[in-house]
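What follows is the content of protein-v6.txt, which has compact mmCIF, C-alpha atoms and all ligand atoms:
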# COMPACT_ATOMS: atom_id res chain seq x y z
CA MET A 122 21.36 38.53 11.59
CA SER A 123 24.16 36.36 10.30
CA GLU A 124 26.29 37.72 7.51
CA ASN A 125 24.75 35.20 5.07
CA HIS A 126 21.40 36.96 5.23
CA PRO A 127 20.74 39.84 2.83
CA SER A 128 19.66 43.23 4.25
CA PRO A 129 17.00 44.70 1.95
CA GLU A 130 17.49 48.35 1.15
CA CYS A 131 13.73 48.95 1.25
CA PRO A 132 12.66 47.53 4.68
CA GLU A 133 10.00 44.86 5.04
CA SER A 134 7.56 47.28 6.76
CA GLU A 135 7.44 49.49 3.67
CA HIS A 136 6.12 46.72 1.43
CA GLU A 137 2.45 45.94 0.74
CA ILE A 138 0.83 43.35 2.97
CA ARG A 139 0.26 41.24 -0.13
CA THR A 140 4.00 41.11 -0.70
CA ARG A 141 4.76 40.62 2.99
CA LEU A 142 2.38 37.68 3.21
CA ILE A 143 4.53 36.00 0.63
CA HIS A 144 7.90 36.87 2.11
CA GLY A 145 7.01 37.19 5.82
CA HIS A 146 9.72 38.17 8.20
CA SER A 147 12.27 36.71 5.92
CA PRO A 148 15.02 35.69 6.03
CA THR A 149 14.54 34.24 9.47
CA GLU A 150 16.78 32.87 12.15
CA ARG A 151 13.99 30.50 13.19
CA TRP A 152 15.21 27.68 10.98
CA ASP A 153 17.73 26.01 13.21
CA PHE A 154 18.27 22.31 12.92
CA SER A 155 20.85 22.11 15.65
CA HIS A 156 18.47 23.12 18.45
CA HIS A 157 15.22 21.45 17.47
CA VAL A 158 14.41 18.27 19.35
CA VAL A 159 12.30 17.15 16.39
CA PRO A 160 13.67 18.27 13.03
CA PRO A 161 11.42 20.77 11.26
CA GLN A 162 9.86 19.63 7.99
CA SER A 163 11.72 20.96 5.02
CA CYS A 164 9.29 21.60 2.19
CA SER A 165 11.14 23.81 -0.22
CA ALA A 166 11.39 22.89 -3.89
CA ALA A 167 14.26 25.34 -4.36
CA PHE A 168 16.74 26.92 -1.94
CA ARG A 169 17.75 30.55 -1.72
CA LEU A 170 21.30 31.11 -2.90
CA ASP A 171 23.42 33.96 -1.57
CA SER A 172 25.33 34.52 -4.79
CA VAL A 173 25.89 33.23 -8.30
CA GLU A 174 29.18 31.84 -7.09
CA ARG A 175 27.46 29.74 -4.41
CA GLY A 176 24.87 28.51 -6.91
CA ALA A 177 27.60 27.53 -9.35
CA GLN A 178 29.50 25.79 -6.55
CA GLY A 179 26.35 23.83 -5.62
CA PHE A 180 26.07 22.46 -9.16
CA LEU A 181 29.79 21.82 -9.35
CA ASP A 182 29.82 19.86 -6.06
CA PHE A 183 26.75 17.78 -6.89
CA ALA A 184 27.63 14.11 -7.45
CA HIS A 185 31.30 14.96 -6.91
CA THR A 186 31.72 13.81 -3.35
CA PRO A 187 35.15 14.47 -1.90
CA GLU A 188 36.83 11.18 -0.95
CA GLY A 189 35.16 9.57 2.05
CA ASP A 190 32.67 12.36 2.75
CA THR A 191 29.25 11.11 1.62
CA ARG A 192 27.58 12.57 4.71
CA ARG A 193 28.76 16.15 4.23
CA VAL A 194 26.21 18.99 4.25
CA PRO A 195 25.83 20.08 0.63
CA ILE A 196 24.97 23.46 -0.82
CA TYR A 197 21.21 23.00 -1.19
CA VAL A 198 20.02 24.14 -4.60
CA TYR A 199 16.90 22.23 -5.65
CA ASP A 200 14.94 19.55 -3.84
CA ARG A 201 15.34 16.82 -6.43
CA LEU A 202 19.12 17.07 -5.94
CA ASP A 203 19.33 17.19 -2.16
CA ASP A 204 17.23 18.21 0.83
CA PRO A 205 17.80 18.49 4.61
CA ASN A 206 15.08 16.03 5.78
CA ARG A 207 15.90 13.45 3.14
CA GLY A 208 19.62 13.84 3.91
CA MET A 209 19.04 13.31 7.64
CA LEU A 210 16.98 10.20 6.89
CA GLU A 211 19.70 8.92 4.54
CA ASP A 212 22.37 9.31 7.23
CA ASN A 213 20.22 7.26 9.62
CA LEU A 214 19.41 4.60 7.03
CA ALA A 215 23.13 4.15 6.32
CA THR A 216 23.68 3.67 10.04
CA ALA A 217 20.76 1.19 10.30
CA GLU A 218 22.08 -1.02 7.48
CA GLY A 219 25.78 -0.60 8.22
CA GLY A 220 26.51 0.95 4.80
CA ASP A 221 28.78 3.86 3.92
CA MET A 222 25.92 5.85 2.45
CA ALA A 223 22.20 5.74 1.68
CA LEU A 224 20.01 7.46 -0.88
CA ALA A 225 16.24 7.70 -0.57
CA PHE A 226 13.84 7.30 -3.48
CA ALA A 227 10.19 7.98 -4.22
CA SER A 228 9.31 4.28 -3.82
CA GLY A 229 10.94 0.90 -3.34
CA MET A 230 10.61 0.32 -7.08
CA ALA A 231 12.34 3.63 -7.83
CA ALA A 232 15.21 2.49 -5.57
CA ILE A 233 15.48 -0.92 -7.26
CA SER A 234 15.26 0.42 -10.81
CA ALA A 235 17.85 3.13 -10.04
CA THR A 236 20.23 0.54 -8.59
CA LEU A 237 19.97 -1.70 -11.65
CA GLY A 238 20.06 1.31 -13.99
CA THR A 239 23.29 2.51 -12.36
CA LEU A 240 25.05 -0.86 -12.18
CA MET A 241 24.10 -2.07 -15.68
CA ARG A 242 24.48 -0.86 -19.24
CA SER A 243 22.92 -2.02 -22.47
CA GLY A 244 24.21 -5.53 -23.22
CA ASP A 245 24.72 -6.42 -19.54
CA HIS A 246 23.09 -9.33 -17.79
CA LEU A 247 21.83 -10.06 -14.29
CA VAL A 248 21.06 -13.24 -12.39
CA ALA A 249 18.03 -13.03 -10.11
CA HIS A 250 16.09 -15.44 -7.96
CA LYS A 251 13.09 -16.80 -9.83
CA VAL A 252 10.56 -15.65 -7.26
CA LEU A 253 10.52 -11.90 -6.66
CA TYR A 254 8.01 -9.25 -5.65
CA GLY A 255 5.69 -8.97 -8.69
CA CYS A 256 6.75 -5.46 -9.79
CA THR A 257 10.45 -6.33 -9.50
CA TYR A 258 9.77 -9.38 -11.65
CA SER A 259 7.94 -7.19 -14.15
CA LEU A 260 10.77 -4.62 -14.15
CA ILE A 261 13.32 -7.34 -14.90
CA THR A 262 11.29 -9.23 -17.49
CA ASN A 263 9.36 -6.40 -19.22
CA TRP A 264 11.40 -3.22 -18.99
CA LEU A 265 15.09 -4.14 -18.73
CA PRO A 266 14.99 -6.14 -22.00
CA ARG A 267 13.90 -2.94 -23.78
CA LEU A 268 17.23 -1.47 -22.70
CA ARG A 269 18.97 -4.64 -23.87
CA MET A 270 19.60 -5.76 -20.32
CA GLU A 271 18.93 -9.47 -20.03
CA ALA A 272 18.19 -11.61 -16.98
CA SER A 273 18.45 -15.25 -16.01
CA LEU A 274 15.95 -16.17 -13.31
CA VAL A 275 17.21 -19.20 -11.41
CA ASP A 276 16.74 -20.93 -8.10
CA MET A 277 19.32 -19.06 -6.03
CA THR A 278 19.02 -21.50 -3.15
CA ASP A 279 21.12 -23.70 -5.45
CA PRO A 280 24.65 -22.21 -5.80
CA SER A 281 25.41 -24.42 -8.83
CA ALA A 282 22.41 -22.91 -10.69
CA VAL A 283 23.78 -19.43 -9.95
CA ARG A 284 27.30 -20.35 -11.13
CA ALA A 285 25.88 -21.87 -14.31
CA ALA A 286 23.82 -18.75 -15.08
CA ILE A 287 26.72 -16.27 -14.82
CA ASN A 288 28.27 -15.16 -18.11
CA PRO A 289 30.94 -12.57 -19.02
CA GLN A 290 28.24 -9.87 -19.23
CA THR A 291 26.77 -10.59 -15.77
CA ARG A 292 27.00 -7.56 -13.48
CA VAL A 293 24.44 -8.23 -10.73
CA LEU A 294 23.25 -11.08 -8.50
CA TYR A 295 19.83 -9.89 -7.31
CA PHE A 296 17.52 -11.43 -4.72
CA GLU A 297 15.19 -10.82 -1.83
CA THR A 298 15.82 -12.69 1.40
CA PRO A 299 13.41 -13.65 2.84
CA VAL A 300 11.77 -13.91 -0.56
CA ASN A 301 8.38 -12.25 -0.98
CA PRO A 302 6.02 -14.07 -0.50
CA ASP A 303 7.13 -17.57 0.54
CA LEU A 304 10.00 -16.52 2.86
CA THR A 305 12.59 -18.70 1.13
CA LEU A 306 16.04 -17.61 2.29
CA ILE A 307 19.02 -17.04 0.01
CA ASP A 308 22.43 -17.49 1.61
CA ILE A 309 24.02 -14.05 1.26
CA ALA A 310 27.54 -15.24 2.22
CA GLU A 311 27.29 -17.98 -0.41
CA MET A 312 26.37 -15.43 -3.09
CA ARG A 313 29.35 -13.29 -1.96
CA LYS A 314 31.61 -16.31 -2.39
CA ILE A 315 30.36 -16.86 -5.94
CA ALA A 316 30.76 -13.17 -6.81
CA ASP A 317 34.32 -13.18 -5.41
CA GLU A 318 35.26 -16.21 -7.52
CA VAL A 319 33.91 -14.54 -10.66
CA ASN A 320 35.39 -11.12 -9.81
CA ALA A 321 38.91 -12.40 -9.16
CA ASN A 322 39.92 -11.76 -12.77
CA ARG A 323 37.60 -8.88 -13.64
CA PRO A 324 38.34 -5.14 -13.71
CA ASP A 325 36.25 -2.97 -11.36
CA ASP A 326 33.71 -1.86 -13.98
CA CYS A 327 32.93 -5.47 -14.94
CA LYS A 328 32.57 -6.87 -11.44
CA VAL A 329 29.47 -8.76 -10.34
CA ARG A 330 27.71 -6.93 -7.48
CA VAL A 331 25.54 -8.67 -4.89
CA VAL A 332 22.30 -6.71 -4.44
CA VAL A 333 19.81 -7.72 -1.73
CA ASP A 334 16.26 -6.48 -1.28
CA ASN A 335 15.98 -6.36 2.53
CA THR A 336 12.37 -5.16 2.68
CA PHE A 337 10.95 -8.21 4.47
CA ALA A 338 13.63 -8.52 7.15
CA THR A 339 14.42 -4.79 7.67
CA PRO A 340 17.86 -3.89 9.03
CA PHE A 341 16.62 -4.74 12.53
CA CYS A 342 16.48 -8.45 11.62
CA GLN A 343 19.25 -8.68 9.04
CA ARG A 344 22.06 -6.51 7.69
CA PRO A 345 23.00 -8.02 4.32
CA ILE A 346 26.18 -5.90 4.04
CA GLU A 347 27.54 -7.71 7.14
CA HIS A 348 27.10 -10.99 5.25
CA GLY A 349 28.88 -9.77 2.13
CA ALA A 350 26.22 -7.97 0.06
CA ASP A 351 27.51 -4.93 -1.82
CA ILE A 352 24.22 -3.07 -1.92
CA VAL A 353 20.87 -3.17 -0.10
CA CYS A 354 17.60 -1.95 -1.62
CA CYS A 355 14.40 -1.67 0.32
CA SER A 356 10.91 -0.29 0.30
CA LEU A 357 10.52 2.32 3.04
CA THR A 358 6.77 1.99 2.56
CA LYS A 359 6.82 -1.18 4.66
CA ALA A 360 8.22 -1.81 8.16
CA ILE A 361 10.76 1.05 8.10
CA GLY A 362 8.03 3.63 7.40
CA GLY A 363 5.95 1.51 9.73
CA PHE A 364 2.67 3.41 9.79
CA GLY A 365 1.52 3.00 6.19
CA THR A 366 1.27 6.72 5.49
CA ASP A 367 3.98 7.19 2.86
CA ILE A 368 5.60 5.47 -0.11
CA GLY A 369 9.38 5.47 -0.27
CA GLY A 370 12.48 3.43 -0.98
CA ALA A 371 16.19 3.43 -0.26
CA VAL A 372 19.52 2.14 -1.50
CA ILE A 373 22.33 1.60 0.98
CA GLY A 374 25.83 0.76 -0.12
CA PRO A 375 29.49 1.66 -0.56
CA LYS A 376 30.89 5.15 -1.14
CA TRP A 377 31.72 4.51 -4.79
CA LEU A 378 28.01 4.04 -5.55
CA HIS A 379 26.95 7.41 -4.14
CA ASP A 380 27.90 9.73 -6.98
CA PRO A 381 26.62 7.69 -9.94
CA LEU A 382 23.41 6.83 -8.08
CA VAL A 383 22.65 10.38 -6.94
CA PHE A 384 23.38 11.53 -10.50
CA TYR A 385 20.95 8.91 -11.83
CA ARG A 386 18.34 10.01 -9.27
CA LYS A 387 18.72 13.65 -10.33
CA ASP A 388 18.08 12.83 -14.00
CA PHE A 389 15.46 10.07 -13.69
CA GLY A 390 13.84 12.10 -10.95
CA GLY A 391 12.77 9.52 -8.37
CA SER A 392 13.85 11.46 -5.24
CA LEU A 393 11.89 10.85 -2.04
CA ALA A 394 9.68 13.85 -1.24
CA PRO A 395 10.79 15.55 2.00
CA ARG A 396 7.19 15.36 3.25
CA SER A 397 7.55 11.57 3.05
CA ALA A 398 11.11 11.56 4.39
CA TRP A 399 10.02 13.43 7.51
CA PRO A 400 7.58 10.85 9.00
CA THR A 401 10.04 8.05 8.22
CA LEU A 402 12.78 10.05 9.94
CA VAL A 403 10.67 11.08 12.93
CA TYR A 404 8.29 8.13 13.49
CA GLY A 405 9.24 5.14 11.32
CA LEU A 406 12.94 4.51 11.75
CA PRO A 407 13.10 5.54 15.44
CA SER A 408 10.33 3.06 16.34
CA LEU A 409 11.55 0.21 14.09
CA ALA A 410 13.29 -1.83 16.80
CA THR A 411 10.41 -1.58 19.27
CA ARG A 412 7.86 -2.52 16.63
CA MET A 413 9.92 -5.41 15.24
CA VAL A 414 10.38 -6.95 18.70
CA ASN A 415 6.59 -6.92 19.16
CA TYR A 416 5.81 -8.02 15.61
CA GLN A 417 8.06 -11.02 15.75
CA SER A 418 7.02 -12.28 19.16
CA SER A 419 3.40 -12.18 17.91
CA ALA A 420 4.44 -13.70 14.56
CA MET A 421 5.93 -16.68 16.41
CA ARG A 422 2.65 -17.24 18.29
CA VAL A 423 0.52 -16.83 15.16
CA ALA A 424 2.78 -19.20 13.18
CA THR A 425 2.59 -21.80 15.96
CA PHE A 426 -1.21 -21.50 16.08
CA LEU A 427 -1.49 -21.94 12.30
CA ASN A 428 0.99 -24.83 12.34
CA ASP A 429 -1.26 -26.73 14.76
CA HIS A 430 -4.50 -26.00 12.89
CA PRO A 431 -6.09 -28.94 11.03
CA LYS A 432 -7.22 -26.78 8.10
CA VAL A 433 -3.74 -25.46 7.43
CA GLU A 434 -1.50 -27.45 5.11
CA ARG A 435 1.84 -25.74 5.65
CA VAL A 436 3.25 -22.75 7.54
CA LEU A 437 6.45 -20.98 6.53
CA TYR A 438 7.96 -18.75 9.21
CA PRO A 439 11.75 -18.59 9.69
CA GLY A 440 11.29 -18.75 13.47
CA LEU A 441 9.63 -22.20 13.42
CA GLU A 442 11.94 -25.17 13.89
CA SER A 443 10.02 -26.84 11.06
CA PHE A 444 11.08 -24.06 8.65
CA PRO A 445 13.06 -25.80 5.86
CA GLN A 446 15.99 -23.35 6.17
CA TYR A 447 15.88 -22.92 9.94
CA GLN A 448 19.67 -23.15 10.28
CA LEU A 449 20.29 -20.50 7.64
CA ALA A 450 17.62 -18.32 9.27
CA GLN A 451 19.49 -18.56 12.56
CA LYS A 452 22.78 -17.66 10.91
CA GLN A 453 21.54 -14.77 8.80
CA MET A 454 18.63 -13.21 10.66
CA ARG A 455 20.04 -11.61 13.80
CA ASP A 456 19.04 -8.37 15.48
CA TYR A 457 21.42 -5.60 16.58
CA ARG A 458 22.22 -7.56 19.76
CA ASN A 459 22.82 -10.73 17.79
CA ARG A 460 19.57 -12.40 18.90
CA PHE A 461 17.66 -14.57 16.43
CA ALA A 462 15.25 -12.24 14.58
CA PRO A 463 12.95 -14.15 12.21
CA GLY A 464 10.80 -11.13 11.32
CA SER A 465 7.14 -10.26 11.07
CA MET A 466 5.97 -12.12 7.94
CA VAL A 467 4.20 -15.47 7.92
CA TYR A 468 3.16 -17.48 4.85
CA PHE A 469 0.67 -20.34 5.04
CA ASP A 470 -1.26 -22.64 2.72
CA VAL A 471 -4.84 -23.48 3.49
CA LYS A 472 -5.75 -27.14 2.79
CA ASP A 473 -6.97 -27.23 -0.78
CA GLU A 474 -7.33 -30.71 -2.28
CA ASP A 475 -8.10 -29.53 -5.83
CA SER A 476 -5.54 -26.70 -5.85
CA THR A 477 -8.23 -24.23 -6.86
CA GLY A 478 -7.47 -21.63 -4.20
CA LYS A 479 -11.15 -21.50 -3.26
CA PRO A 480 -10.73 -22.27 0.48
CA ALA A 481 -8.05 -19.55 0.81
CA ALA A 482 -10.22 -17.05 -1.08
CA LYS A 483 -13.12 -17.93 1.24
CA LEU A 484 -10.90 -17.44 4.29
CA ILE A 485 -9.57 -14.09 3.12
CA ASP A 486 -13.01 -12.88 1.99
CA TRP A 487 -14.41 -13.76 5.40
CA ILE A 488 -11.58 -11.78 7.01
CA ALA A 489 -12.22 -8.84 4.67
CA GLN A 490 -15.90 -8.76 5.65
CA HIS A 491 -15.96 -9.89 9.27
CA SER A 492 -12.58 -9.56 10.94
CA TYR A 493 -11.98 -6.67 13.33
CA CYS A 494 -8.19 -6.67 13.52
CA ILE A 495 -6.98 -8.27 10.28
CA THR A 496 -7.25 -6.23 7.07
CA LEU A 497 -7.16 -7.47 3.48
CA ALA A 498 -4.51 -5.22 1.90
CA VAL A 499 -1.31 -5.74 -0.07
CA SER A 500 1.24 -3.82 1.96
CA LEU A 501 3.19 -5.08 4.96
CA GLY A 502 5.15 -3.96 8.01
CA GLN A 503 2.42 -1.66 9.32
CA ILE A 504 1.04 -1.41 12.83
CA LYS A 505 -2.13 -3.12 11.50
CA THR A 506 -2.10 -6.83 10.65
CA LEU A 507 -2.56 -7.26 6.89
CA ILE A 508 -3.38 -10.39 4.91
CA GLU A 509 -3.38 -11.04 1.14
CA CYS A 510 -3.28 -13.80 -1.45
CA PRO A 511 0.08 -13.40 -3.31
CA TYR A 512 -0.75 -15.85 -6.10
CA ASN A 513 -3.57 -13.62 -7.36
CA MET A 514 -2.48 -10.26 -6.05
CA THR A 515 1.12 -9.10 -5.38
CA HIS A 516 2.61 -11.87 -7.53
CA SER A 517 0.04 -11.97 -10.32
CA SER A 518 2.69 -10.96 -12.90
CA LEU A 519 4.75 -14.14 -12.34
CA PRO A 520 4.02 -17.10 -14.63
CA ASP A 521 1.79 -19.71 -12.97
CA ALA A 522 4.29 -22.51 -13.57
CA GLU A 523 7.12 -20.61 -11.82
CA LYS A 524 4.90 -19.85 -8.86
CA ARG A 525 3.68 -23.40 -8.48
CA GLU A 526 7.19 -24.81 -8.90
CA ARG A 527 8.37 -22.70 -5.97
CA GLY A 528 5.30 -23.59 -3.91
CA VAL A 529 3.49 -20.27 -4.34
CA VAL A 530 0.05 -21.74 -4.90
CA PRO A 531 -3.47 -20.27 -5.16
CA GLY A 532 -4.15 -21.46 -1.60
CA GLY A 533 -1.26 -19.45 -0.13
CA CYS A 534 -1.85 -16.55 2.25
CA ARG A 535 0.70 -13.96 3.31
CA ILE A 536 0.18 -12.30 6.64
CA SER A 537 2.08 -9.29 7.97
CA ILE A 538 1.77 -9.19 11.74
CA GLY A 539 0.88 -5.86 13.34
CA LEU A 540 0.91 -4.48 16.87
CA GLU A 541 -2.55 -5.66 17.94
CA ASP A 542 -2.87 -8.00 20.92
CA ARG A 543 -1.67 -11.34 19.57
CA ASP A 544 -4.65 -13.22 21.03
CA ASP A 545 -6.98 -10.97 19.05
CA ILE A 546 -5.10 -11.73 15.83
CA ILE A 547 -5.20 -15.47 16.57
CA ASN A 548 -8.90 -15.29 17.47
CA ASP A 549 -9.78 -13.59 14.16
CA LEU A 550 -7.80 -16.24 12.27
CA LYS A 551 -9.51 -18.99 14.25
CA LEU A 552 -12.96 -17.56 13.47
CA ALA A 553 -12.07 -17.32 9.77
CA LEU A 554 -10.71 -20.88 9.65
CA ASP A 555 -13.89 -22.13 11.36
CA ARG A 556 -15.89 -20.73 8.39
CA ILE A 557 -14.14 -22.67 5.62
C1 LIG B 601 10.12 -7.15 -1.34
C2 LIG B 601 9.64 -5.87 -1.95
N1 LIG B 601 10.49 -5.10 -2.62
C3 LIG B 601 10.10 -3.94 -3.19
C4 LIG B 601 8.80 -3.51 -3.11
C5 LIG B 601 8.39 -2.23 -3.79
O1 LIG B 601 8.21 -1.21 -2.87
P1 LIG B 601 7.28 0.07 -3.15
O2 LIG B 601 5.87 -0.41 -3.12
O3 LIG B 601 7.64 1.01 -2.04
O4 LIG B 601 7.67 0.59 -4.48
C6 LIG B 601 7.87 -4.28 -2.41
C7 LIG B 601 6.46 -3.85 -2.33
O5 LIG B 601 5.61 -4.56 -1.84
C8 LIG B 601 8.30 -5.49 -1.82
O6 LIG B 601 7.44 -6.28 -1.15

Please rewrite the model in this file as C-alpha cells.
Amino acid sequence: MSENHPSPECPESEHEIRTRLIHGHSPTERWDFSHHVVPPQSCSAAFRLDSVERGAQGFLDFAHTPEGDTRRVPIYVYDRLDDPNRGMLEDNLATAEGGDMALAFASGMAAISATLGTLMRSGDHLVAHKVLYGCTYSLITNWLPRLRMEASLVDMTDPSAVRAAINPQTRVLYFETPVNPDLTLIDIAEMRKIADEVNANRPDDCKVRVVVDNTFATPFCQRPIEHGADIVCCSLTKAIGGFGTDIGGAVIGPKWLHDPLVFYRKDFGGSLAPRSAWPTLVYGLPSLATRMVNYQSSAMRVATFLNDHPKVERVLYPGLESFPQYQLAQKQMRDYRNRFAPGSMVYFDVKDEDSTGKPAAKLIDWIAQHSYCITLAVSLGQIKTLIECPYNMTHSSLPDAEKRERGVVPGGCRISIGLEDRDDIINDLKLALDRI
C-alpha cells in the first residue's frame, strides 16, 4: 500500500458485512489511470482527502493556476470543481481546437452562457450575428438584458455593420460559423482584424474578444483559434459526442480565461457530469475524424442530388461550388491535413410558391412516418441522419422578419448527414420528394 493510504486500526475483516459492503476492500490500488487502456469511469461526487492540510490546499489551488500550467493534475476535492474524466476530456478538447485550455460544461448552452457571463459585466455590450441557434438568441435577447448586458444583432457578413455596431462598452463579437441553420459563413480573420483595430487603444479588461460557436464545423473541419478567434464554444452533444447519448458543452481558449471561467463554473454549477464526459472521451472525440470524413463525403453527394432535383429551390452546402461563400469556405474550413472540409450539414428549401411552408412540412412528415434511415429530430452530428424544419423548430424563438430576411423560410429543411449508406439516404429523400 502506498503511504497515502490510511491503515485502519480495526481491520476490515472485523467490521460487519453491512459496513464492508459500503467500504469494500478500500482503499484500493485498483484505480490506476496510467495502466488502463481505456480510462475507468470516475463517478465520485467527492474525493477522499488524506488530511485537512491537503483539503485546504485543494481549495487554495482551485482557480489559481500557476503560470502556464492549466493541464496540471489538481487536488481533487468535489466533482463540480474538478474530476479526472472531465479533466482528461478537457485536455483532449484543447488539443483538438488548438487552444491553451478547455473546460467542459453540462450543455452547449451552459458553455455559451458561462463564456458570456465571464467576459461581460453589467453595462457591457456584445455584437452578435443576427441569426443564431434559437436558445443562444433567446439567451442574448431575453436573459442578458436582465443583467443589463445589451446586444446588437447585425449581419456579420458585412464588416461595416460590425464596425458600426461596436461602442465603448462592447466586449464580445459573437457568432456561429457556419451559422445554424442556413450555413452562412462569417469570416473569422476579418472579425479578428476589427477586434484588433478596436483593441489597439483599450486596456486588457476592456478588450473586445472574438468568440466563435464551432458546433457545426467541429474542430475537424475548422479551428477558429487558428484564424484569430480568442475563444471557441461548442455543444459536445452534437458531432463531438457523436452518438447522441449525452448532453455537454465546452469552451476552449487562452490560459487567462481558465481561472475566471472555472470559478464561474464552480459557482453557477454547470460542470459536465463525468458519466457524460466518459463516452465523449472514449467514443466521441476519438472517432470524430473518421466520422467527419464519412459524413462529409455523403453530404457532398446528398447536396448534389438535392441541387439537381426539380422540387428543390435552393441548396446551401459549403462544399458546393454554387455556395455563395465558396471561396471563404475553402479558406476557413480545412481539416487537420489542410484538406477542404465543408462539414456534415446541408440546408435546402423545398419549392414553395406561396411561402407557406406546407410542401416542406409534407416532406418532413412523410419522412417522419415512412423513411427508414432519416429521422425527424432536432439534434445533429449523430451517426443517424436527422432532418428538421428550423423555421418552426430550432429557430422558433427568432422573429419571423429576421429569419425571412436572412433566407430562413418556412420551406427550409436542415439535414445532418449520418453514417448510413449514402445511396440509402438519397433514396429516402427521393421517395419523400416524390410524395410532395
Ligand atoms: C450551434 C449550436 N450552438 C449551441 C447549441 C446548444 O447546445 P446544447 O443543446 O448542447 O446545449 C446548439 C444546439 O443545437 C447549436 O446547434

Rows by chain and residue number, chain A within 9 Å of ligand LIG 601 (chain B), shortest pair, only C-alpha atoms and all ligand atoms, as CSV:
residue,atom,partner,partner_atom,distance
A:Phe226,CA,B:LIG601,O3,8.9
A:Ala227,CA,B:LIG601,O3,7.7
A:Ser228,CA,B:LIG601,O3,4.1
A:Gly229,CA,B:LIG601,O4,3.5
A:Met230,CA,B:LIG601,O4,3.9
A:Ala231,CA,B:LIG601,O4,6.5
A:Ala232,CA,B:LIG601,O4,7.9
A:Ile233,CA,B:LIG601,C3,7.4
A:Leu253,CA,B:LIG601,C1,7.1
A:Tyr254,CA,B:LIG601,C1,5.2
A:Gly255,CA,B:LIG601,C8,8.1
A:Cys256,CA,B:LIG601,C5,7.0
A:Thr257,CA,B:LIG601,C3,6.8
A:Glu297,CA,B:LIG601,C1,6.3
A:Thr298,CA,B:LIG601,C1,8.4
A:Pro299,CA,B:LIG601,C1,8.4
A:Val300,CA,B:LIG601,C1,7.0
A:Asn301,CA,B:LIG601,C1,5.4
A:Pro302,CA,B:LIG601,O6,7.9
A:Asp334,CA,B:LIG601,N1,6.1
A:Asn335,CA,B:LIG601,C1,7.1
A:Thr336,CA,B:LIG601,C1,5.0
A:Phe337,CA,B:LIG601,C1,6.0
A:Cys354,CA,B:LIG601,N1,7.8
A:Cys355,CA,B:LIG601,N1,6.0
A:Ser356,CA,B:LIG601,O3,4.2
A:Leu357,CA,B:LIG601,O3,6.0
A:Thr358,CA,B:LIG601,O3,4.8
A:Lys359,CA,B:LIG601,O3,7.1
A:Asp367,CA,B:LIG601,O3,8.7
A:Ile368,CA,B:LIG601,O3,5.3
A:Gly369,CA,B:LIG601,O3,5.1
A:Gly370,CA,B:LIG601,O3,5.5
A:Val499,CA,B:LIG601,O5,7.2
A:Ser500,CA,B:LIG601,O5,5.8
A:Leu501,CA,B:LIG601,O5,7.2
A:Thr515,CA,B:LIG601,O5,7.3

Go ahead and save the residues from that selection, with C-alpha atoms, as a PDB file, in the coordinates of the input.
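For reference, selection.pdb as written:
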ATOM      1  CA  PHE A 226      13.840   7.300  -3.480  1.00  0.00           C
ATOM      2  CA  ALA A 227      10.190   7.980  -4.220  1.00  0.00           C
ATOM      3  CA  SER A 228       9.310   4.280  -3.820  1.00  0.00           C
ATOM      4  CA  GLY A 229      10.940   0.900  -3.340  1.00  0.00           C
ATOM      5  CA  MET A 230      10.610   0.320  -7.080  1.00  0.00           C
ATOM      6  CA  ALA A 231      12.340   3.630  -7.830  1.00  0.00           C
ATOM      7  CA  ALA A 232      15.210   2.490  -5.570  1.00  0.00           C
ATOM      8  CA  ILE A 233      15.480  -0.920  -7.260  1.00  0.00           C
ATOM      9  CA  LEU A 253      10.520 -11.900  -6.660  1.00  0.00           C
ATOM     10  CA  TYR A 254       8.010  -9.250  -5.650  1.00  0.00           C
ATOM     11  CA  GLY A 255       5.690  -8.970  -8.690  1.00  0.00           C
ATOM     12  CA  CYS A 256       6.750  -5.460  -9.790  1.00  0.00           C
ATOM     13  CA  THR A 257      10.450  -6.330  -9.500  1.00  0.00           C
ATOM     14  CA  GLU A 297      15.190 -10.820  -1.830  1.00  0.00           C
ATOM     15  CA  THR A 298      15.820 -12.690   1.400  1.00  0.00           C
ATOM     16  CA  PRO A 299      13.410 -13.650   2.840  1.00  0.00           C
ATOM     17  CA  VAL A 300      11.770 -13.910  -0.560  1.00  0.00           C
ATOM     18  CA  ASN A 301       8.380 -12.250  -0.980  1.00  0.00           C
ATOM     19  CA  PRO A 302       6.020 -14.070  -0.500  1.00  0.00           C
ATOM     20  CA  ASP A 334      16.260  -6.480  -1.280  1.00  0.00           C
ATOM     21  CA  ASN A 335      15.980  -6.360   2.530  1.00  0.00           C
ATOM     22  CA  THR A 336      12.370  -5.160   2.680  1.00  0.00           C
ATOM     23  CA  PHE A 337      10.950  -8.210   4.470  1.00  0.00           C
ATOM     24  CA  CYS A 354      17.600  -1.950  -1.620  1.00  0.00           C
ATOM     25  CA  CYS A 355      14.400  -1.670   0.320  1.00  0.00           C
ATOM     26  CA  SER A 356      10.910  -0.290   0.300  1.00  0.00           C
ATOM     27  CA  LEU A 357      10.520   2.320   3.040  1.00  0.00           C
ATOM     28  CA  THR A 358       6.770   1.990   2.560  1.00  0.00           C
ATOM     29  CA  LYS A 359       6.820  -1.180   4.660  1.00  0.00           C
ATOM     30  CA  ASP A 367       3.980   7.190   2.860  1.00  0.00           C
ATOM     31  CA  ILE A 368       5.600   5.470  -0.110  1.00  0.00           C
ATOM     32  CA  GLY A 369       9.380   5.470  -0.270  1.00  0.00           C
ATOM     33  CA  GLY A 370      12.480   3.430  -0.980  1.00  0.00           C
ATOM     34  CA  VAL A 499      -1.310  -5.740  -0.070  1.00  0.00           C
ATOM     35  CA  SER A 500       1.240  -3.820   1.960  1.00  0.00           C
ATOM     36  CA  LEU A 501       3.190  -5.080   4.960  1.00  0.00           C
ATOM     37  CA  THR A 515       1.120  -9.100  -5.380  1.00  0.00           C
TER      38      THR A 515
END

Within 10 Å of Val423 of chain A using all atoms listed in the file, minus same-chain residues under 2 positions, as number ranges by chain: A: 417-421, 425-428, 438, 467, 536, 538, 543-544, 546-548, 550

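A straight line drawn from atom CA of Cys131 of chain A to atom CA of Glu174 of chain A is 24.5 Å long.
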
When you draw a straight line from atom CA of Asp326 of chain A to atom CA of Ile352 of chain A, how long is it in Å? 15.4 Å

Using all atoms listed in the file: which of A:Leu552, A:Ile361, A:Ala522, A:Ala371 has the shortest distance to Leu224 of chain A: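 Of all the options, A:Ala371 lies closest to Leu224 of chain A.
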